[in-house]
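Chemist: Sharing a structure here in structure tokens format.
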Amino acid sequence: MDTKELQHFIVVYKEKSLNRAAGKLFITSQGLSRIITKLENELEAKLFIRTQKGLVPTESGAFLYQSAQKLLNLFSETENGVRQLARKASQLRLVCATGVLNALSFDVILSFMKANPSIEVQWIECSNREAKGRVMGFEADVGLVLGDTDETGLVQIGLTRHKVVTMVHKSHPFFKKNIISLSDLQNEKIVTLNKDYRVNEDFHSKCAELGFSPNVVAETVDTNCLYKLCKLAVGVGILIDCSVDHFEMGDLKIIPFQEEFTWDIFALIQQQNIKFPLIQAFQAHLRDYDFQSKRSV
């Protein structure tokens, strides 16, 4: 039993069909069937039962699936950790949650690269959940993420905090207000950033705590698009205060929440890597960086 066989087994388990799984794996169904049979012979256990609705995992199959996921995750973390150790003196891999570099500044990375030309810096932007996962899985040395974490073995360093605010058109009754409550949005049409942004998850969670589900009529990946939708009075916009600095407000108004509703940005690092020279150098850079005056807009 090897990792490739386990990966094939997992696809079969999820698809509940040899044909569909084979198509996703770009192999023949006969070849995939032989792999599953080989696993069953090695483990001396039946993994699936054929039914009219497809393959149904046995108790042994369900147990192998849970264990296989853990084993493959551990194998991946080990492989990435070894590669990280081999490159720790020359390469710094950064991962940024979607929107973080707009709230901070692209210069936070570019200025570090300029000051350290001998260091190869790689960075990628992805969802907040994936960014944290990449740090936990040793796929990244430092994560610039949103919200704190209770995962063990991770060091988090607070960088900056921004308020979540609303953007309303002058035609809306809220335009006369200077502050609103989240509960005021219960019957309103809402325009927000999409699920790649932590603010989307936090907004829905806070509304759920108040006992209602927001009427989101539009989600976008782009703050500029959200701005245009608000200009057209499509709905009340939910966004970060720093993302409106370059907008011509005109018929629009920014109104804060009376509740504590913030976007907290952290640097996330594996505890066992905290003393890597390149990571310490980037930590020092973050510590000395003036986020307020140099944030990207």
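The way I read the labels, and the way they are meant: chains A, B, ... in the order of the structure tokens, residue 1 as the first residue of every chain, and ligand 1 as the first ligand shown, with later ones counted on from there.
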Against range 130-136 of chain A, which residues of range 230-272 of chain A fall within 12 Å? For each one I want the closest pair of atoms and the distance in Å (one decimal), counting only C-alpha atoms, rows by chain and increasing residue number, as a tab-separated table.
Modeler:
```
residue	atom	partner	partner_atom	distance
A:Phe266	CA	A:Lys132	CA	10.6
A:Ala267	CA	A:Lys132	CA	10.0
A:Leu268	CA	A:Val135	CA	7.2
A:Ile269	CA	A:Val135	CA	6.7
A:Gln270	CA	A:Val135	CA	6.8
A:Gln271	CA	A:Met136	CA	10.1
A:Gln272	CA	A:Met136	CA	11.2
```
Chemist: Any chance you can output those residues with N, CA and C atoms as an mmCIF file, in the first residue's frame?
Modeler:
```
data_model
loop_
_atom_site.group_PDB
_atom_site.id
_atom_site.type_symbol
_atom_site.label_atom_id
_atom_site.label_comp_id
_atom_site.auth_asym_id
_atom_site.auth_seq_id
_atom_site.Cartn_x
_atom_site.Cartn_y
_atom_site.Cartn_z
ATOM 1 N N PHE A 266 -3.045 39.386 10.973
ATOM 2 C CA PHE A 266 -1.965 38.755 11.721
ATOM 3 C C PHE A 266 -0.932 38.166 10.762
ATOM 4 N N ALA A 267 0.301 38.074 11.244
ATOM 5 C CA ALA A 267 1.313 37.245 10.595
ATOM 6 C C ALA A 267 1.290 35.903 11.306
ATOM 7 N N LEU A 268 1.264 34.819 10.538
ATOM 8 C CA LEU A 268 1.151 33.473 11.093
ATOM 9 C C LEU A 268 2.386 32.668 10.709
ATOM 10 N N ILE A 269 3.017 32.037 11.731
ATOM 11 C CA ILE A 269 4.282 31.321 11.517
ATOM 12 C C ILE A 269 4.259 30.026 12.329
ATOM 13 N N GLN A 270 4.842 28.982 11.771
ATOM 14 C CA GLN A 270 5.013 27.742 12.525
ATOM 15 C C GLN A 270 5.988 27.974 13.675
ATOM 16 N N GLN A 271 5.599 27.536 14.886
ATOM 17 C CA GLN A 271 6.434 27.715 16.071
ATOM 18 C C GLN A 271 7.838 27.157 15.864
ATOM 19 N N GLN A 272 7.959 25.980 15.230
ATOM 20 C CA GLN A 272 9.263 25.350 15.083
ATOM 21 C C GLN A 272 10.144 26.041 14.050
#
```
Chemist: So that I can see what lies close to range 95-97 of chain A, please list as a list in words the residues with an atom at most 9 Å from it, counting only C-alpha atoms and leaving out residues fewer than 2 positions away in the same chain.
Modeler: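 The filter keeps Arg93, Gly99, Val100, Leu101, Gln122, Trp123, Ile124, Glu125, Cys126, Ser127, Asn128, Arg129, Glu130, Ala131, Lys132, Arg134, Val135, Glu139, Ala140, Asp141, Val142, Gly143, Leu144, Val145, Leu146, Asp196, Tyr197 and Arg198 of chain A.
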Chemist: Save the residues we just selected, N, CA, C and O atoms, as a compact mmCIF listing (two decimals), in the first residue's frame?
Modeler:
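Below you can see out.txt, which holds the result:
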```txt
# COMPACT_ATOMS: atom_id res chain seq x y z
N ARG A 93 8.76 31.92 1.51
CA ARG A 93 7.47 31.73 0.86
C ARG A 93 6.37 32.37 1.70
O ARG A 93 6.19 32.04 2.87
N GLY A 99 -7.38 40.07 -0.11
CA GLY A 99 -7.71 41.40 0.39
C GLY A 99 -6.73 41.97 1.38
O GLY A 99 -6.72 43.19 1.63
N VAL A 100 -5.87 41.13 1.96
CA VAL A 100 -4.96 41.61 3.00
C VAL A 100 -3.98 42.65 2.44
O VAL A 100 -3.69 43.66 3.09
N LEU A 101 -3.44 42.40 1.25
CA LEU A 101 -2.46 43.33 0.70
C LEU A 101 -3.08 44.66 0.32
O LEU A 101 -2.39 45.68 0.24
N GLN A 122 8.77 34.34 -2.68
CA GLN A 122 7.62 33.86 -3.45
C GLN A 122 6.37 34.17 -2.65
O GLN A 122 6.35 33.99 -1.43
N TRP A 123 5.31 34.61 -3.32
CA TRP A 123 4.06 34.86 -2.59
C TRP A 123 2.87 34.48 -3.44
O TRP A 123 2.91 34.52 -4.66
N ILE A 124 1.80 34.12 -2.75
CA ILE A 124 0.57 33.72 -3.41
C ILE A 124 -0.60 34.27 -2.60
O ILE A 124 -0.51 34.42 -1.38
N GLU A 125 -1.69 34.60 -3.29
CA GLU A 125 -2.91 35.08 -2.62
C GLU A 125 -4.00 34.01 -2.76
O GLU A 125 -4.18 33.44 -3.83
N CYS A 126 -4.70 33.74 -1.68
CA CYS A 126 -5.78 32.75 -1.70
C CYS A 126 -6.75 33.08 -0.57
O CYS A 126 -6.59 34.07 0.14
N SER A 127 -7.77 32.26 -0.41
CA SER A 127 -8.74 32.49 0.66
C SER A 127 -8.07 32.43 2.02
O SER A 127 -7.00 31.82 2.17
N ASN A 128 -8.70 33.04 3.01
CA ASN A 128 -8.11 33.07 4.34
C ASN A 128 -7.94 31.67 4.91
O ASN A 128 -6.91 31.34 5.51
N ARG A 129 -8.93 30.83 4.70
CA ARG A 129 -8.86 29.44 5.20
C ARG A 129 -7.69 28.69 4.58
O ARG A 129 -6.94 27.98 5.25
N GLU A 130 -7.52 28.86 3.25
CA GLU A 130 -6.42 28.17 2.56
C GLU A 130 -5.07 28.73 3.00
O GLU A 130 -4.09 27.99 3.13
N ALA A 131 -5.01 30.05 3.22
CA ALA A 131 -3.75 30.66 3.64
C ALA A 131 -3.28 30.08 4.97
O ALA A 131 -2.10 29.73 5.14
N LYS A 132 -4.19 29.95 5.91
CA LYS A 132 -3.84 29.35 7.20
C LYS A 132 -3.43 27.90 7.02
O LYS A 132 -2.48 27.43 7.64
N ARG A 134 -2.02 26.54 4.44
CA ARG A 134 -0.70 26.44 3.82
C ARG A 134 0.41 26.61 4.85
O ARG A 134 1.44 25.96 4.78
N VAL A 135 0.19 27.49 5.84
CA VAL A 135 1.19 27.65 6.90
C VAL A 135 1.21 26.40 7.76
O VAL A 135 2.29 25.87 8.09
N GLU A 139 3.57 24.61 3.64
CA GLU A 139 3.65 25.05 2.26
C GLU A 139 4.02 26.53 2.16
O GLU A 139 4.29 27.03 1.07
N ALA A 140 4.00 27.23 3.29
CA ALA A 140 4.38 28.64 3.34
C ALA A 140 5.12 28.91 4.64
O ALA A 140 4.84 28.27 5.67
N ASP A 141 6.08 29.84 4.59
CA ASP A 141 6.85 30.18 5.78
C ASP A 141 6.11 31.17 6.67
O ASP A 141 6.15 31.08 7.89
N VAL A 142 5.44 32.14 6.03
CA VAL A 142 4.70 33.18 6.76
C VAL A 142 3.37 33.39 6.07
O VAL A 142 3.30 33.47 4.83
N GLY A 143 2.31 33.48 6.85
CA GLY A 143 1.00 33.81 6.30
C GLY A 143 0.55 35.16 6.82
O GLY A 143 0.69 35.45 8.00
N LEU A 144 0.04 36.00 5.92
CA LEU A 144 -0.59 37.26 6.31
C LEU A 144 -2.08 37.00 6.23
O LEU A 144 -2.66 36.92 5.14
N VAL A 145 -2.71 36.82 7.40
CA VAL A 145 -4.06 36.28 7.45
C VAL A 145 -4.98 37.16 8.27
O VAL A 145 -4.54 38.11 8.95
N LEU A 146 -6.27 36.82 8.24
CA LEU A 146 -7.29 37.56 8.96
C LEU A 146 -7.81 36.74 10.13
O LEU A 146 -8.12 35.55 9.98
N ASP A 196 -14.39 34.43 -0.64
CA ASP A 196 -12.92 34.39 -0.54
C ASP A 196 -12.42 35.35 0.54
O ASP A 196 -11.28 35.26 0.99
N TYR A 197 -13.29 36.28 0.96
CA TYR A 197 -12.93 37.29 1.95
C TYR A 197 -13.48 36.90 3.32
O TYR A 197 -14.65 36.54 3.45
N ARG A 198 -12.65 37.04 4.32
CA ARG A 198 -13.05 36.70 5.70
C ARG A 198 -14.22 37.56 6.15
O ARG A 198 -15.07 37.12 6.93
```
Chemist: Skipping near chain neighbours, those fewer than 3 positions away, what residues fall within 8 Å of range 209-214 of chain A using only C-alpha atoms, listed as a PDB file with all heavy atoms, in the first residue's frame?
Modeler:
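Here's the written file out-v4.pdb:
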```pdb
ATOM      1  N   SER A 183     -28.293  44.879  13.490  1.00  0.00           N
ATOM      2  CA  SER A 183     -29.702  44.466  13.452  1.00  0.00           C
ATOM      3  C   SER A 183     -30.527  45.338  12.516  1.00  0.00           C
ATOM      4  O   SER A 183     -31.585  44.922  12.034  1.00  0.00           O
ATOM      5  CB  SER A 183     -30.303  44.493  14.863  1.00  0.00           C
ATOM      6  OG  SER A 183     -30.210  45.801  15.420  1.00  0.00           O
ATOM      7  N   LEU A 185     -29.869  45.918   9.592  1.00  0.00           N
ATOM      8  CA  LEU A 185     -29.728  45.382   8.238  1.00  0.00           C
ATOM      9  C   LEU A 185     -30.638  44.185   7.967  1.00  0.00           C
ATOM     10  O   LEU A 185     -30.603  43.618   6.874  1.00  0.00           O
ATOM     11  CB  LEU A 185     -28.268  44.962   7.997  1.00  0.00           C
ATOM     12  CG  LEU A 185     -27.212  46.056   8.159  1.00  0.00           C
ATOM     13  CD1 LEU A 185     -25.816  45.478   7.922  1.00  0.00           C
ATOM     14  CD2 LEU A 185     -27.471  47.202   7.191  1.00  0.00           C
ATOM     15  N   GLN A 186     -31.463  43.820   8.937  1.00  0.00           N
ATOM     16  CA  GLN A 186     -32.237  42.592   8.847  1.00  0.00           C
ATOM     17  C   GLN A 186     -33.103  42.526   7.587  1.00  0.00           C
ATOM     18  O   GLN A 186     -33.219  41.476   6.959  1.00  0.00           O
ATOM     19  CB  GLN A 186     -33.108  42.416  10.085  1.00  0.00           C
ATOM     20  CG  GLN A 186     -33.873  41.106  10.115  1.00  0.00           C
ATOM     21  CD  GLN A 186     -34.417  40.781  11.489  1.00  0.00           C
ATOM     22  OE1 GLN A 186     -34.150  41.500  12.457  1.00  0.00           O
ATOM     23  NE2 GLN A 186     -35.170  39.709  11.605  1.00  0.00           N
ATOM     24  N   ASN A 187     -33.699  43.626   7.197  1.00  0.00           N
ATOM     25  CA  ASN A 187     -34.596  43.619   6.035  1.00  0.00           C
ATOM     26  C   ASN A 187     -34.033  44.394   4.854  1.00  0.00           C
ATOM     27  O   ASN A 187     -34.783  44.802   3.963  1.00  0.00           O
ATOM     28  CB  ASN A 187     -35.958  44.203   6.438  1.00  0.00           C
ATOM     29  CG  ASN A 187     -36.644  43.380   7.517  1.00  0.00           C
ATOM     30  OD1 ASN A 187     -36.739  42.164   7.409  1.00  0.00           O
ATOM     31  ND2 ASN A 187     -37.104  44.046   8.571  1.00  0.00           N
ATOM     32  N   GLU A 188     -32.715  44.570   4.860  1.00  0.00           N
ATOM     33  CA  GLU A 188     -32.081  45.349   3.800  1.00  0.00           C
ATOM     34  C   GLU A 188     -31.451  44.458   2.735  1.00  0.00           C
ATOM     35  O   GLU A 188     -31.039  43.325   3.013  1.00  0.00           O
ATOM     36  CB  GLU A 188     -30.999  46.253   4.401  1.00  0.00           C
ATOM     37  CG  GLU A 188     -31.503  47.281   5.377  1.00  0.00           C
ATOM     38  CD  GLU A 188     -32.431  48.303   4.726  1.00  0.00           C
ATOM     39  OE1 GLU A 188     -32.233  48.591   3.524  1.00  0.00           O
ATOM     40  OE2 GLU A 188     -33.340  48.796   5.414  1.00  0.00           O
ATOM     41  N   LYS A 189     -31.361  44.990   1.508  1.00  0.00           N
ATOM     42  CA  LYS A 189     -30.593  44.331   0.456  1.00  0.00           C
ATOM     43  C   LYS A 189     -29.118  44.634   0.693  1.00  0.00           C
ATOM     44  O   LYS A 189     -28.743  45.791   0.902  1.00  0.00           O
ATOM     45  CB  LYS A 189     -31.030  44.834  -0.918  1.00  0.00           C
ATOM     46  CG  LYS A 189     -32.454  44.448  -1.283  1.00  0.00           C
ATOM     47  CD  LYS A 189     -32.825  44.985  -2.661  1.00  0.00           C
ATOM     48  CE  LYS A 189     -34.236  44.570  -3.039  1.00  0.00           C
ATOM     49  NZ  LYS A 189     -34.639  45.097  -4.370  1.00  0.00           N
ATOM     50  N   ILE A 190     -28.298  43.582   0.655  1.00  0.00           N
ATOM     51  CA  ILE A 190     -26.881  43.711   1.020  1.00  0.00           C
ATOM     52  C   ILE A 190     -25.985  43.390  -0.177  1.00  0.00           C
ATOM     53  O   ILE A 190     -26.240  42.459  -0.925  1.00  0.00           O
ATOM     54  CB  ILE A 190     -26.532  42.764   2.187  1.00  0.00           C
ATOM     55  CG1 ILE A 190     -27.414  43.063   3.405  1.00  0.00           C
ATOM     56  CG2 ILE A 190     -25.051  42.858   2.545  1.00  0.00           C
ATOM     57  CD1 ILE A 190     -27.229  44.435   3.996  1.00  0.00           C
ATOM     58  N   HIS A 204     -21.829  37.167   8.022  1.00  0.00           N
ATOM     59  CA  HIS A 204     -22.898  36.185   8.155  1.00  0.00           C
ATOM     60  C   HIS A 204     -22.976  35.632   9.578  1.00  0.00           C
ATOM     61  O   HIS A 204     -24.079  35.409  10.108  1.00  0.00           O
ATOM     62  CB  HIS A 204     -22.687  35.046   7.156  1.00  0.00           C
ATOM     63  CG  HIS A 204     -23.137  35.376   5.763  1.00  0.00           C
ATOM     64  ND1 HIS A 204     -24.413  35.127   5.310  1.00  0.00           N
ATOM     65  CD2 HIS A 204     -22.476  35.958   4.726  1.00  0.00           C
ATOM     66  CE1 HIS A 204     -24.529  35.521   4.057  1.00  0.00           C
ATOM     67  NE2 HIS A 204     -23.364  36.033   3.675  1.00  0.00           N
ATOM     68  N   SER A 205     -21.825  35.425  10.204  1.00  0.00           N
ATOM     69  CA  SER A 205     -21.801  34.898  11.576  1.00  0.00           C
ATOM     70  C   SER A 205     -22.432  35.880  12.553  1.00  0.00           C
ATOM     71  O   SER A 205     -23.210  35.488  13.438  1.00  0.00           O
ATOM     72  CB  SER A 205     -20.364  34.593  11.996  1.00  0.00           C
ATOM     73  OG  SER A 205     -19.810  33.560  11.220  1.00  0.00           O
ATOM     74  N   LYS A 206     -22.108  37.156  12.397  1.00  0.00           N
ATOM     75  CA  LYS A 206     -22.658  38.171  13.312  1.00  0.00           C
ATOM     76  C   LYS A 206     -24.169  38.322  13.125  1.00  0.00           C
ATOM     77  O   LYS A 206     -24.902  38.518  14.098  1.00  0.00           O
ATOM     78  CB  LYS A 206     -21.935  39.502  13.102  1.00  0.00           C
ATOM     79  CG  LYS A 206     -20.526  39.518  13.695  1.00  0.00           C
ATOM     80  CD  LYS A 206     -19.893  40.889  13.607  1.00  0.00           C
ATOM     81  CE  LYS A 206     -18.540  40.905  14.318  1.00  0.00           C
ATOM     82  NZ  LYS A 206     -18.683  40.751  15.777  1.00  0.00           N
TER      83      LYS A 206
END
```
Chemist: DSSP on the backbone: which residues in range 77-188 of chain A end up as helix (DSSP H, G or I)? Give the answer as an mmCIF file with C-alpha atoms, in the first residue's frame.
Modeler:
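Result saved to result.cif:
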```cif
data_model
loop_
_atom_site.group_PDB
_atom_site.id
_atom_site.type_symbol
_atom_site.label_atom_id
_atom_site.label_comp_id
_atom_site.auth_asym_id
_atom_site.auth_seq_id
_atom_site.Cartn_x
_atom_site.Cartn_y
_atom_site.Cartn_z
ATOM 1 C CA GLU A 77 3.369 18.109 5.740
ATOM 2 C CA THR A 78 6.524 16.017 6.157
ATOM 3 C CA GLU A 79 7.503 16.471 2.518
ATOM 4 C CA ASN A 80 6.853 20.214 2.627
ATOM 5 C CA GLY A 81 8.680 20.524 5.949
ATOM 6 C CA VAL A 82 11.801 18.854 4.578
ATOM 7 C CA ARG A 83 11.752 21.100 1.518
ATOM 8 C CA GLN A 84 11.278 24.103 3.774
ATOM 9 C CA LEU A 85 14.347 23.158 5.810
ATOM 10 C CA ALA A 86 16.404 22.698 2.648
ATOM 11 C CA ARG A 87 15.491 26.186 1.392
ATOM 12 C CA VAL A 100 -4.958 41.609 2.995
ATOM 13 C CA LEU A 101 -2.459 43.328 0.703
ATOM 14 C CA ASN A 102 -5.057 45.965 -0.139
ATOM 15 C CA ALA A 103 -5.558 46.623 3.559
ATOM 16 C CA ASP A 107 4.971 47.667 -0.536
ATOM 17 C CA VAL A 108 5.183 45.532 2.607
ATOM 18 C CA ILE A 109 6.539 42.750 0.380
ATOM 19 C CA LEU A 110 8.249 44.848 -2.285
ATOM 20 C CA SER A 111 10.255 46.894 0.219
ATOM 21 C CA PHE A 112 11.461 43.687 1.923
ATOM 22 C CA MET A 113 12.576 42.299 -1.434
ATOM 23 C CA LYS A 114 14.385 45.530 -2.273
ATOM 24 C CA ALA A 115 16.208 45.532 1.062
ATOM 25 C CA ASN A 128 -8.114 33.074 4.344
ATOM 26 C CA ARG A 129 -8.864 29.445 5.201
ATOM 27 C CA GLU A 130 -6.419 28.172 2.563
ATOM 28 C CA ALA A 131 -3.747 30.663 3.636
ATOM 29 C CA LYS A 132 -3.842 29.354 7.200
ATOM 30 C CA GLY A 133 -3.823 25.794 5.894
ATOM 31 C CA ARG A 134 -0.702 26.441 3.818
ATOM 32 C CA VAL A 135 1.186 27.648 6.896
ATOM 33 C CA MET A 136 -0.031 24.690 8.943
ATOM 34 C CA PRO A 173 -32.929 56.235 4.671
ATOM 35 C CA PHE A 174 -29.652 55.216 6.370
ATOM 36 C CA PHE A 175 -27.927 58.144 4.645
ATOM 37 C CA LYS A 176 -29.129 60.442 7.445
ATOM 38 C CA LEU A 182 -26.087 45.208 12.534
ATOM 39 C CA SER A 183 -29.702 44.466 13.452
ATOM 40 C CA ASP A 184 -30.757 47.434 11.276
ATOM 41 C CA LEU A 185 -29.728 45.382 8.238
#
```
Chemist: So which one's closest to Phe106 in chain A, A:Val165, A:Thr152, A:Phe291, A:Ile36? Using only C-alpha atoms, please.
Modeler: A:Phe291
